[in-house]
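**Q** Provided herewith is a single structure, encoded as structure tokens, for subsequent inquiry.
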Amino acid sequence: MSRITIPIGPQHPALKEPLSFLLTVEGERIVESALRIGYVHRGLERLFQDRSYVQNVHIAERVCGICSHIHTTAYCQGVEALLGLEVPRRALYVRTLLCELERIHSHLLWLGVLAEHIGFTTVFMYAWRDREIVLDIMEDLSGGRVAHAVNAIGGVRIDIENDHIPAIHARLDELERQMEMFLGVIQHERTFQARTRGVGCLTQEQVQRYCVVGPVARASGVAMDIRRDQPYAVYDELSFRVITADEGDVWARTMVRALEIVESMGMCRQLLDKLPEGPLASRAPRRVPAGLVISRCEAPRGELLYVIRSDGSDRPARVKIRTPTLPTLATLKDQLRGVHTADVPTILAGVDLCIACADR
Amino acid sequence: MRDVASAVLTILVFPGFGFLFVCALAFHWIDRRVTARFQGRVGPPWFQPFADFVKLLAKEDVLPVGAHERACALLPMVSLAAVLTAALHIPVGGYVVTSFEGDLIVVLFLLSLPALAYFLAGWLSASVFSVVGGSRALLQYFAYEVPFLMALAGPAILVGSWSVSRISGAQSGGLWTLLVQPIGFVLAFIGLIGKLKRSPFDIPKAKSEIGAGPLTEFSGRKLALWHLSLQVKTVVGIFLLVDVFLGGSGGGISLSGVTLFGVKCLLVLLALSVTGVLYARLRIDQLATMGWRVLAPLALVQLLVVVLVGG
């Protein structure tokens, strides 16, 4: 059978962000795939070195449009460690709340994208409609739907008013009802299963060899989660489960993410109930003592790592970001080998790539 | 002279081009609106399909280098002409233009021509997406067509006539074919979804995989005609199902008959919309498996029942 080459990207309906694939296809089977990245490289890491520590918070926020808050969290947390700064507990609670809301928003967005790629428009519409619930909460809290500008070095810039809390609970109730519906679809809808089960399988060994992190790793049975393994902010005060699955396919990833949304909602409720009184930020000096710090966070897509080196001035000497998408990109060649062309969008969606993060 | 005038009127206005055009746009709008309501959206205003059609007519018409210009211009017309001709033999509210013994076969043949044109359009328009889409369209055709044909043969055998009007008329006194051959109706319905390339069988034009499939490279007037031919095909397919399985207009031409026919058509359309909302798109190999392992044997069983019990 003759081979043809199908280009996927940099602009393609299956991709939300620029990324390029050249798929060599025999009939409907993929025999080879070549990946090219770097279309949204903005030189942000270099930019960090030209701005002061305070200004850099805004750059970190703009690394990614979906998980903006977790980037500033990782960055601020690193700088705070260099400064040896004690962050007020109320600030940490607000920070963590936003992290979890962002995770819900990111996972729901992802569910919609996956549904659209397997031609399940209804779930796509519902997921993005219900994502508005979380976006509304975040907008009410911070004024921004996706870029919240909540974090600052030494604390946070917004407060949660006490009469606001019941309204957030009520919205979470609504989302909880919707999540039951989504879980029902994922577990029982036959066409959904037909399109996601057995697609894009990664074994536990492959996950460990490629150092895959986050929901993709957990869906292959690797129970890793920075929130539990190396708690930051106030995660050590919260009770939650680390969701895992054994199948390692797109269906397992869907299940893991859906259940993580449920866990995150529980964490949001705990945070709101336990919210301590106190100041929102402690004052941070402009100059940061020389040193090197590694700051780790659990972003919606997995472990996010910031390495910050300071030379004692008011600007970082180097900021290195390691995003969870990077190891996942390396697995795509394995995942795409021998699959049906119709499964390519499913696989690409299934790993939840964030190209803006990966390219920076 | 009067004969000529009446023939022109029949072909251009009712139940010819004009009527089908209006029906196509109206059905398309209802479908989009219903789908939108189910998905928590508002949906387009009533004139949207017409506006889209006019907009496409006015747009620039380009084809990539290497595409077969003449064939690409001809294929949408062939597709549209085939479905419009098929409509002449299908009673609408009891009124049929021409009817003869065996017109069911002609209708089925004419309704499968667009699938061939669609495949050729993909093959000849010089794009990877359209070639993949075209080959998928052909594979899909083989999966749904056989069960669809067998499902429609059932009523014909039962009535003892291969004329759509006779089959429709035969139900006026007695039971609807749907009640006698429920499996046949379900198979014909599924086949129709495949024929119309609607969700969950919109495999040849799966937009997240291969853009718009065979129509990726089409634009302007050609694309407008393609869309129109698919929309008219939806209308004709629904008419056919209502006539063969749901008792048509209930015999004769009357206001109540026409209303009844309209209501039945809308119900079938509603069922098509709901099916489209409920499922994820299947893969082509899954559809082929379903077509040959489930639908075709079921159709065979239904035919055997009709021949052994009914005949």
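Convention: chains lettered A, B, ... in structure tokens order; per-chain residue numbering from 1; ligands numbered from 1 as shown.
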So that each row is one residue of chain B with an atom at most 8 Å from chain A, can you give its shortest atom pair and the distance in Å to one decimal, using only C-alpha atoms, rows by chain and rising number, as a tab-separated table?

**A**
residue	atom	partner	partner_atom	distance
B:Phe38	CA	A:Thr122	CA	7.8
B:Gln39	CA	A:Thr122	CA	5.3
B:Gly40	CA	A:Tyr126	CA	7.0
B:Val128	CA	A:Ile6	CA	6.3
B:Phe129	CA	A:Ile6	CA	7.6
B:Ser199	CA	A:Gly119	CA	7.6
B:Pro200	CA	A:Gly119	CA	7.4
B:Ala206	CA	A:Gly119	CA	7.3
B:Lys207	CA	A:Pro13	CA	6.7
B:Ser208	CA	A:Ala14	CA	4.5
B:Glu209	CA	A:Ala342	CA	6.0
B:Gly211	CA	A:Pro13	CA	6.7
B:Val277	CA	A:Thr122	CA	5.9
B:Leu278	CA	A:Thr122	CA	7.2
B:Tyr279	CA	A:Thr191	CA	6.0
B:Ala280	CA	A:Phe120	CA	4.1
B:Arg281	CA	A:Gly119	CA	4.7
B:Leu282	CA	A:Thr191	CA	6.7
B:Arg283	CA	A:Ala342	CA	6.4

**Q** Quick one: everything within 9 Å of Leu230 of chain B, counting only C-alpha atoms, minus sequence neighbours fewer than 5 positions away in the same chain. Send it as a VMD selection string.

**A** chain B and resid 24 79 to 80 83 114 196 to 197 225 235

**Q** Leaving out segment 231-237 of chain A and any residue of its chain fewer than 4 positions from it, which residues lie within 8 Å of it when counting only C-alpha atoms, given as a VMD selection string?

**A** chain A and resid 92 to 93 95 to 96 226 to 227 296 to 297

**Q** Near Ser220 of chain A, within 9 Å and counting only C-alpha atoms, which residues show up once chain neighbours fewer than 5 positions away are dropped, as a PDB file with C-alpha atoms, in the first residue's frame?

**A**
ATOM      1  CA  CYS A 201      -1.501   3.147  26.031  1.00  0.00           C
ATOM      2  CA  LEU A 202       1.561   3.822  28.147  1.00  0.00           C
ATOM      3  CA  THR A 203       2.855   1.131  30.486  1.00  0.00           C
ATOM      4  CA  GLN A 204       4.234   1.833  33.915  1.00  0.00           C
ATOM      5  CA  VAL A 207       6.084   6.240  32.118  1.00  0.00           C
ATOM      6  CA  PRO A 215      -2.348  12.663  35.461  1.00  0.00           C
ATOM      7  CA  THR A 244      -4.583   6.462  40.016  1.00  0.00           C
ATOM      8  CA  ALA A 245      -5.686   3.988  37.377  1.00  0.00           C
ATOM      9  CA  ASP A 246      -4.060   0.930  35.867  1.00  0.00           C
ATOM     10  CA  GLU A 247      -5.102   0.902  32.223  1.00  0.00           C
ATOM     11  CA  GLY A 248      -2.773   3.677  31.029  1.00  0.00           C
ATOM     12  CA  ASP A 249      -5.012   4.563  28.084  1.00  0.00           C
ATOM     13  CA  ALA A 252      -7.945   5.980  32.288  1.00  0.00           C
ATOM     14  CA  ARG A 253      -6.579   9.501  31.900  1.00  0.00           C
TER      15      ARG A 253
END

**Q** Need the shell around segment 255-271 of chain B: protein/DNA/RNA residues with any atom at most 10 Å away, counting only C-alpha atoms. Skip same-chain ones fewer than 5 positions apart. Format as a list in words?

**A** Phe27, His28, Ile30, Asp31, Val34, Thr35, Pro91, Val92, Gly93, Gly94, Tyr95, Phe189, Thr234, Val235, Gly237, Ile238, Phe239, Leu240, Leu241, Val242, Asp243, Leu246, Gly247, Gly248, Ser249, Gly250, Gly276 and Val277 of chain B

**Q** Work out how far atom CA of Gly9 of chain A is from atom CA of Glu32 of chain A, in Å to one decimal.

**A**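 If I compute the distance from atom CA of Glu32 of chain A to atom CA of Gly9 of chain A, I get 15.7 Å.
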
**Q** Just the residues within 10 Å of Ser161 of chain B, please, counting only C-alpha atoms, with nothing from its chain fewer than 3 positions along; format it as a list in words.

**A**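 Returned residues: Phe100, Glu101, Gly102, Asp103, Leu104, Ala153, Pro155, Ala156, Ile157, Leu158, Val164, Ser165, Arg166, Ile167 and Ala170 of chain B.
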
**Q** One number please: atom CA of Leu116 of chain B to atom CA of Lys59 of chain B, in Å, one decimal.

**A**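 Atom-to-atom, atom CA of Leu116 of chain B and atom CA of Lys59 of chain B are spaced 26.0 Å apart.
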
**Q** Measure the distance from atom CA of Ser130 of chain B to atom CA of Leu215 of chain B in Å and round it to one decimal.

**A**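 Distance reported for this atom pair: 6.5 Å.
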
**Q** Excluding same-chain residues fewer than 3 positions from Leu272 of chain A, what lies within 9 Å of it counting only C-alpha atoms, as a PyMOL selection string?

**A** chain A and resi 93-94+97+160+165+168-169+267-269+275

**Q** Per DSSP on the backbone, what are the strand (DSSP E) residues of segment 136-252 of chain A, as a PyMOL selection string?

**A** chain A and resi 151-152+155-156

**Q** Go ahead and dump the residues you just picked, N, CA and C atoms, as an mmCIF file, in the first residue's frame.

**A**
data_model
loop_
_atom_site.group_PDB
_atom_site.id
_atom_site.type_symbol
_atom_site.label_atom_id
_atom_site.label_comp_id
_atom_site.auth_asym_id
_atom_site.auth_seq_id
_atom_site.Cartn_x
_atom_site.Cartn_y
_atom_site.Cartn_z
ATOM 1 N N ASN A 151 -0.878 36.080 43.107
ATOM 2 C CA ASN A 151 0.345 35.869 43.873
ATOM 3 C C ASN A 151 1.257 37.085 43.866
ATOM 4 N N ALA A 152 1.899 37.283 44.997
ATOM 5 C CA ALA A 152 2.968 38.269 45.072
ATOM 6 C C ALA A 152 4.055 37.638 45.930
ATOM 7 N N GLY A 155 3.232 36.699 49.719
ATOM 8 C CA GLY A 155 1.823 36.525 50.058
ATOM 9 C C GLY A 155 0.920 36.610 48.852
ATOM 10 N N VAL A 156 -0.299 37.080 49.070
ATOM 11 C CA VAL A 156 -1.239 37.232 47.957
ATOM 12 C C VAL A 156 -1.788 38.649 47.956
#

**Q** Run DSSP on the backbone of this structure and report the residues of segment 247-347 of chain A it assigns to helix (DSSP H, G or I), as a ChimeraX atom specification.

**A** /A:250-274,325-336,341-347

**Q** Using N, CA and C atoms, can you write the selected residues to a file as a CSV table (one decimal), in the first residue's frame?

**A**
chain,number,residue,atom,x,y,z
A,250,VAL,N,-6.3,6.4,27.2
A,250,VAL,CA,-6.9,7.7,27.3
A,250,VAL,C,-8.1,7.7,28.2
A,251,TRP,N,-8.8,6.5,28.2
A,251,TRP,CA,-10.0,6.4,29.1
A,251,TRP,C,-9.5,6.6,30.6
A,252,ALA,N,-8.4,5.9,30.9
A,252,ALA,CA,-7.9,6.0,32.3
A,252,ALA,C,-7.6,7.4,32.6
A,253,ARG,N,-7.0,8.1,31.6
A,253,ARG,CA,-6.6,9.5,31.9
A,253,ARG,C,-7.8,10.4,32.1
A,254,THR,N,-8.9,10.1,31.4
A,254,THR,CA,-10.1,10.8,31.5
A,254,THR,C,-10.7,10.6,32.9
A,255,MET,N,-10.7,9.3,33.3
A,255,MET,CA,-11.2,9.0,34.6
A,255,MET,C,-10.4,9.6,35.8
A,256,VAL,N,-9.0,9.6,35.6
A,256,VAL,CA,-8.2,10.2,36.7
A,256,VAL,C,-8.5,11.6,36.8
A,257,ARG,N,-8.6,12.3,35.6
A,257,ARG,CA,-8.8,13.8,35.7
A,257,ARG,C,-10.2,14.1,36.2
A,258,ALA,N,-11.2,13.3,35.8
A,258,ALA,CA,-12.5,13.6,36.3
A,258,ALA,C,-12.6,13.4,37.8
A,259,LEU,N,-12.0,12.4,38.3
A,259,LEU,CA,-12.0,12.1,39.8
A,259,LEU,C,-11.1,13.2,40.5
A,260,GLU,N,-10.1,13.6,39.8
A,260,GLU,CA,-9.3,14.7,40.5
A,260,GLU,C,-10.1,16.0,40.6
A,261,ILE,N,-11.0,16.2,39.7
A,261,ILE,CA,-11.8,17.4,39.8
A,261,ILE,C,-12.7,17.3,41.1
A,262,VAL,N,-13.2,16.1,41.3
A,262,VAL,CA,-14.0,15.8,42.5
A,262,VAL,C,-13.2,16.1,43.7
A,263,GLU,N,-11.9,15.5,43.7
A,263,GLU,CA,-11.0,15.7,44.9
A,263,GLU,C,-10.7,17.2,45.1
A,264,SER,N,-10.5,17.9,44.0
A,264,SER,CA,-10.1,19.3,44.1
A,264,SER,C,-11.3,20.1,44.7
A,265,MET,N,-12.5,19.7,44.3
A,265,MET,CA,-13.7,20.4,44.9
A,265,MET,C,-13.7,20.2,46.4
A,266,GLY,N,-13.4,19.0,46.8
A,266,GLY,CA,-13.4,18.7,48.3
A,266,GLY,C,-12.3,19.5,49.0
A,267,MET,N,-11.1,19.7,48.3
A,267,MET,CA,-10.1,20.5,48.9
A,267,MET,C,-10.5,21.9,49.0
A,268,CYS,N,-11.2,22.4,48.0
A,268,CYS,CA,-11.6,23.8,48.0
A,268,CYS,C,-12.5,24.0,49.2
A,269,ARG,N,-13.4,23.1,49.4
A,269,ARG,CA,-14.3,23.2,50.6
A,269,ARG,C,-13.6,23.2,51.9
A,270,GLN,N,-12.6,22.3,52.0
A,270,GLN,CA,-11.8,22.3,53.2
A,270,GLN,C,-11.1,23.6,53.5
A,271,LEU,N,-10.5,24.2,52.4
A,271,LEU,CA,-9.8,25.4,52.5
A,271,LEU,C,-10.7,26.5,52.9
A,272,LEU,N,-11.9,26.6,52.3
A,272,LEU,CA,-12.8,27.6,52.7
A,272,LEU,C,-13.3,27.5,54.2
A,273,ASP,N,-13.4,26.3,54.6
A,273,ASP,CA,-13.9,26.1,56.0
A,273,ASP,C,-12.8,26.4,57.0
A,274,LYS,N,-11.6,26.1,56.6
A,274,LYS,CA,-10.5,26.2,57.6
A,274,LYS,C,-9.8,27.6,57.5
A,325,THR,N,4.8,19.2,30.4
A,325,THR,CA,4.5,18.8,29.0
A,325,THR,C,5.7,18.2,28.4
A,326,LEU,N,6.9,18.6,28.8
A,326,LEU,CA,8.1,18.2,28.1
A,326,LEU,C,8.3,16.7,28.0
A,327,PRO,N,8.3,15.9,29.2
A,327,PRO,CA,8.4,14.5,29.0
A,327,PRO,C,7.3,13.8,28.3
A,328,THR,N,6.1,14.4,28.3
A,328,THR,CA,5.0,13.8,27.6
A,328,THR,C,5.2,13.9,26.1
A,329,LEU,N,5.8,15.0,25.7
A,329,LEU,CA,6.0,15.1,24.2
A,329,LEU,C,6.9,14.0,23.7
A,330,ALA,N,7.8,13.6,24.6
A,330,ALA,CA,8.8,12.5,24.1
A,330,ALA,C,8.0,11.2,24.0
A,331,THR,N,6.9,11.0,24.7
A,331,THR,CA,6.2,9.7,24.6
A,331,THR,C,5.4,9.6,23.3
A,332,LEU,N,5.1,10.8,22.7
A,332,LEU,CA,4.1,10.7,21.6
A,332,LEU,C,4.6,9.8,20.4
A,333,LYS,N,5.9,9.8,20.2
A,333,LYS,CA,6.3,8.9,19.1
A,333,LYS,C,5.9,7.4,19.3
A,334,ASP,N,6.1,7.0,20.6
A,334,ASP,CA,5.7,5.7,21.0
A,334,ASP,C,4.2,5.5,20.9
A,335,GLN,N,3.5,6.5,21.4
A,335,GLN,CA,2.0,6.4,21.4
A,335,GLN,C,1.4,6.3,20.0
A,336,LEU,N,2.0,7.1,19.1
A,336,LEU,CA,1.4,7.2,17.8
A,336,LEU,C,1.8,6.1,16.8
A,341,THR,N,-5.4,6.7,12.0
A,341,THR,CA,-5.3,8.1,11.9
A,341,THR,C,-6.4,8.8,12.8
A,342,ALA,N,-7.6,8.1,12.9
A,342,ALA,CA,-8.7,8.7,13.6
A,342,ALA,C,-8.3,8.9,15.1
A,343,ASP,N,-7.3,8.1,15.6
A,343,ASP,CA,-7.0,8.2,17.0
A,343,ASP,C,-5.9,9.2,17.3
A,344,VAL,N,-5.4,9.8,16.3
A,344,VAL,CA,-4.3,10.8,16.5
A,344,VAL,C,-4.8,12.0,17.4
A,345,PRO,N,-6.0,12.6,17.0
A,345,PRO,CA,-6.4,13.7,17.9
A,345,PRO,C,-6.7,13.2,19.3
A,346,THR,N,-7.3,12.0,19.4
A,346,THR,CA,-7.6,11.5,20.8
A,346,THR,C,-6.3,11.4,21.6
A,347,ILE,N,-5.2,10.9,21.0
A,347,ILE,CA,-4.0,10.7,21.7
A,347,ILE,C,-3.4,12.0,22.0
